[in-house]
Amino acid sequence: MIAGHFGFAAAVKSRETAAPLWALMLATVWLDVVFVPLFLTHVETIKAVSGPPGAYGGGEIFADYTHSLVGAVALSVLLGLGALVLWGRRSGLVIGAVAFSHWLLDLVVHRADMPILPGDIGRLPRLGLGLWRWPSASAGLELLLVLIGAALYWRAAAKAAHAAGRGPLVPTVAGSLTLAFGVLVLALDLFSAR
């Protein structure tokens with residue numbers, strides 16, 4: 001869902017001009033950024049459930065700290081507070097919300113592997129709607145997020161350039177790069193295990 005997360009960040013940037021695009025892109029994958037060192041130290045794991053190892057959506061992710069509901073809220077608040085210090089209250093709120101959007105989007109695609117409490121304390125039911133069981137549908141959703149995000153970002157950038165008396169070159173390049181890299185990330189995700 002990495003490409004879909006980036007598409008969502010681009011869509012948010014189209015409305016929130018004060019928050020830097022790079023910060024929104026970081027925010028949208030913040031839970032995964034924190035996941036990486038925990039994965040490398042085997043605190044959080046991925047177990048293949050179908051298809052070749054590493055296949056798109058072919059894993060059950062035991063990210064019991066970073067992707068627990070409470071852990072995601074805590075990490076999002078932490079990032080939002082950092083953004084608040086750097087760019088003010090509104091950007092802090094937006095960046096914190098974008099960070100939490102990662103959990104919401106993952107809820108749609110993940111199998112029931114996302115705990116409510118960090119460390120799966122209490123062994124409560126795990127959450128996840130499981131769209132990854134249908135790779136074509138989940139890839140279609142990601143592609144839709146990338147297309148919408150790139151289009152909204154391009155439209156907002158073109159409007160801002162026009163208001164500033166500049167030509168369409170920079171917004172067109174920025175929108176095209178957003179689209180191209182979103183599609184590239186999705187393609188790499190889809191075909192890397194084949």
# chains A, B, ... in the order shown; residues from 1 in each chain; ligands from 1

$ residues_around --residues "Leu177 of chain A" --least-positions-apart "6" --cutoff "10 Å" --atoms "only C-alpha atoms" --output "PyMOL selection string"
chain A and resi 150+154+171+183

$ residues_around --residues "segment 110-116 of chain A" --least-positions-apart "6" --cutoff "9 Å" --atoms "only C-alpha atoms" --output "number ranges by chain"
A: 57, 59-65, 67-71, 103, 123-133

$ write_last_selection --atoms "C-alpha atoms" --output "compact mmCIF listing (two decimals), in the first residue's frame"
# COMPACT_ATOMS: atom_id res chain seq x y z
CA GLY A 57 -0.27 -8.66 -0.23
CA GLY A 59 2.07 -11.57 4.01
CA GLU A 60 0.59 -11.46 7.45
CA ILE A 61 2.34 -8.57 9.17
CA PHE A 62 2.90 -8.85 12.89
CA ALA A 63 3.65 -5.18 13.52
CA ASP A 64 2.28 -5.41 17.03
CA TYR A 65 3.64 -2.05 18.14
CA HIS A 67 0.51 -0.96 13.53
CA SER A 68 -1.56 -1.51 16.65
CA LEU A 69 -4.38 1.01 16.90
CA VAL A 70 -3.01 2.59 20.07
CA GLY A 71 0.58 2.45 18.79
CA TRP A 103 -3.32 2.85 9.80
CA ARG A 123 -5.03 -10.69 22.96
CA LEU A 124 -8.01 -8.70 21.71
CA PRO A 125 -9.31 -9.44 18.20
CA ARG A 126 -6.93 -8.31 15.48
CA LEU A 127 -8.24 -5.94 12.83
CA GLY A 128 -8.00 -5.92 9.05
CA LEU A 129 -10.53 -6.19 6.22
CA GLY A 130 -8.20 -8.30 4.04
CA LEU A 131 -8.39 -6.68 0.61
CA TRP A 132 -4.90 -8.07 -0.07
CA ARG A 133 -6.53 -11.47 -0.55

$ residues_around --residues "Val36 of chain A" --least-positions-apart "3" --cutoff "12 Å" --atoms "only C-alpha atoms" --output "MDAnalysis selection string"
chainID A and resid 29:33 39:46 63 65:67

$ select_by_dssp --residues "chain A" --states "helix (DSSP H, G or I)" --output "ChimeraX atom specification"
/A:2-13,21-28,30-40,69-87,89-109,118-123,131-133,135-163,169-191

$ select_by_dssp --residues "segment 45-172 of chain A" --states "strand (DSSP E or B)" --output "PyMOL selection string"
chain A and resi 45-48+59-62+114+127

$ write_last_selection --atoms "C-alpha atoms" --output "compact mmCIF listing (two decimals), in the first residue's frame"
# COMPACT_ATOMS: atom_id res chain seq x y z
CA THR A 45 7.72 -9.82 11.70
CA ILE A 46 6.09 -10.75 8.39
CA LYS A 47 4.85 -14.27 7.69
CA ALA A 48 4.10 -15.37 4.11
CA GLY A 59 2.07 -11.57 4.01
CA GLU A 60 0.59 -11.46 7.45
CA ILE A 61 2.34 -8.57 9.17
CA PHE A 62 2.90 -8.85 12.89
CA MET A 114 -3.41 -5.42 13.29
CA LEU A 127 -8.24 -5.94 12.83

$ residues_around --residues "segment 89-100 of chain A" --least-positions-apart "5" --cutoff "8 Å" --atoms "only C-alpha atoms" --output "VMD selection string"
chain A and resid 9 16 18 to 19 23 to 24 27 to 31 72 to 73 75 to 84

$ atom_distance --atom1 "atom CA of Ala11 of chain A" --atom2 "atom CA of Phe35 of chain A"
24.2 Å

$ closest_residue --among "A:Val185, A:Ala151, A:Ala164, A:Val109" --to "Lys13 of chain A" --atoms "only C-alpha atoms"
A:Ala151

$ residues_around --residues "segment 140-144 of chain A" --least-positions-apart "2" --cutoff "9 Å" --atoms "only C-alpha atoms" --output "number ranges by chain"
A: 1-5, 7, 135-138, 146-149, 182-183, 186

$ write_last_selection --atoms "N, CA and C atoms" --output "PDB file, in the first residue's frame"
ATOM      1  N   MET A   1       0.823  -1.200   0.000  1.00  0.00           N
ATOM      2  CA  MET A   1       0.000   0.000   0.000  1.00  0.00           C
ATOM      3  C   MET A   1       0.864   1.260   0.000  1.00  0.00           C
ATOM      4  N   ILE A   2       2.162   1.120  -0.200  1.00  0.00           N
ATOM      5  CA  ILE A   2       3.045   2.291  -0.160  1.00  0.00           C
ATOM      6  C   ILE A   2       2.630   3.332  -1.201  1.00  0.00           C
ATOM      7  N   ALA A   3       2.389   2.913  -2.433  1.00  0.00           N
ATOM      8  CA  ALA A   3       1.997   3.860  -3.482  1.00  0.00           C
ATOM      9  C   ALA A   3       0.695   4.567  -3.116  1.00  0.00           C
ATOM     10  N   GLY A   4      -0.258   3.829  -2.577  1.00  0.00           N
ATOM     11  CA  GLY A   4      -1.521   4.430  -2.153  1.00  0.00           C
ATOM     12  C   GLY A   4      -1.328   5.463  -1.056  1.00  0.00           C
ATOM     13  N   HIS A   5      -0.421   5.171  -0.122  1.00  0.00           N
ATOM     14  CA  HIS A   5      -0.125   6.149   0.933  1.00  0.00           C
ATOM     15  C   HIS A   5       0.434   7.432   0.328  1.00  0.00           C
ATOM     16  N   GLY A   7      -0.015   8.546  -2.722  1.00  0.00           N
ATOM     17  CA  GLY A   7      -1.102   9.221  -3.439  1.00  0.00           C
ATOM     18  C   GLY A   7      -1.968  10.025  -2.493  1.00  0.00           C
ATOM     19  N   PRO A 135      -5.429  -9.404  -4.872  1.00  0.00           N
ATOM     20  CA  PRO A 135      -4.390  -8.461  -5.299  1.00  0.00           C
ATOM     21  C   PRO A 135      -4.839  -7.479  -6.372  1.00  0.00           C
ATOM     22  N   SER A 136      -5.653  -7.909  -7.310  1.00  0.00           N
ATOM     23  CA  SER A 136      -6.095  -6.989  -8.370  1.00  0.00           C
ATOM     24  C   SER A 136      -6.941  -5.862  -7.798  1.00  0.00           C
ATOM     25  N   ALA A 137      -7.817  -6.184  -6.865  1.00  0.00           N
ATOM     26  CA  ALA A 137      -8.667  -5.160  -6.252  1.00  0.00           C
ATOM     27  C   ALA A 137      -7.844  -4.196  -5.404  1.00  0.00           C
ATOM     28  N   SER A 138      -6.906  -4.724  -4.627  1.00  0.00           N
ATOM     29  CA  SER A 138      -6.112  -3.827  -3.779  1.00  0.00           C
ATOM     30  C   SER A 138      -5.159  -2.986  -4.629  1.00  0.00           C
ATOM     31  N   VAL A 146      -3.279   6.865  -6.236  1.00  0.00           N
ATOM     32  CA  VAL A 146      -2.170   7.548  -6.911  1.00  0.00           C
ATOM     33  C   VAL A 146      -2.708   8.505  -7.970  1.00  0.00           C
ATOM     34  N   LEU A 147      -3.656   8.043  -8.784  1.00  0.00           N
ATOM     35  CA  LEU A 147      -4.215   8.890  -9.848  1.00  0.00           C
ATOM     36  C   LEU A 147      -4.921  10.109  -9.273  1.00  0.00           C
ATOM     37  N   ILE A 148      -5.744   9.907  -8.266  1.00  0.00           N
ATOM     38  CA  ILE A 148      -6.462  11.034  -7.654  1.00  0.00           C
ATOM     39  C   ILE A 148      -5.486  11.998  -6.986  1.00  0.00           C
ATOM     40  N   GLY A 149      -4.524  11.443  -6.230  1.00  0.00           N
ATOM     41  CA  GLY A 149      -3.541  12.289  -5.558  1.00  0.00           C
ATOM     42  C   GLY A 149      -2.732  13.119  -6.538  1.00  0.00           C
ATOM     43  N   GLY A 182       4.524   7.232  -8.321  1.00  0.00           N
ATOM     44  CA  GLY A 182       3.477   6.441  -7.682  1.00  0.00           C
ATOM     45  C   GLY A 182       3.232   5.139  -8.427  1.00  0.00           C
ATOM     46  N   VAL A 183       3.140   5.231  -9.744  1.00  0.00           N
ATOM     47  CA  VAL A 183       2.923   4.033 -10.566  1.00  0.00           C
ATOM     48  C   VAL A 183       4.147   3.128 -10.503  1.00  0.00           C
ATOM     49  N   LEU A 186       4.137   1.262  -7.198  1.00  0.00           N
ATOM     50  CA  LEU A 186       3.115   0.218  -7.250  1.00  0.00           C
ATOM     51  C   LEU A 186       3.588  -0.955  -8.111  1.00  0.00           C
TER      52      LEU A 186
END
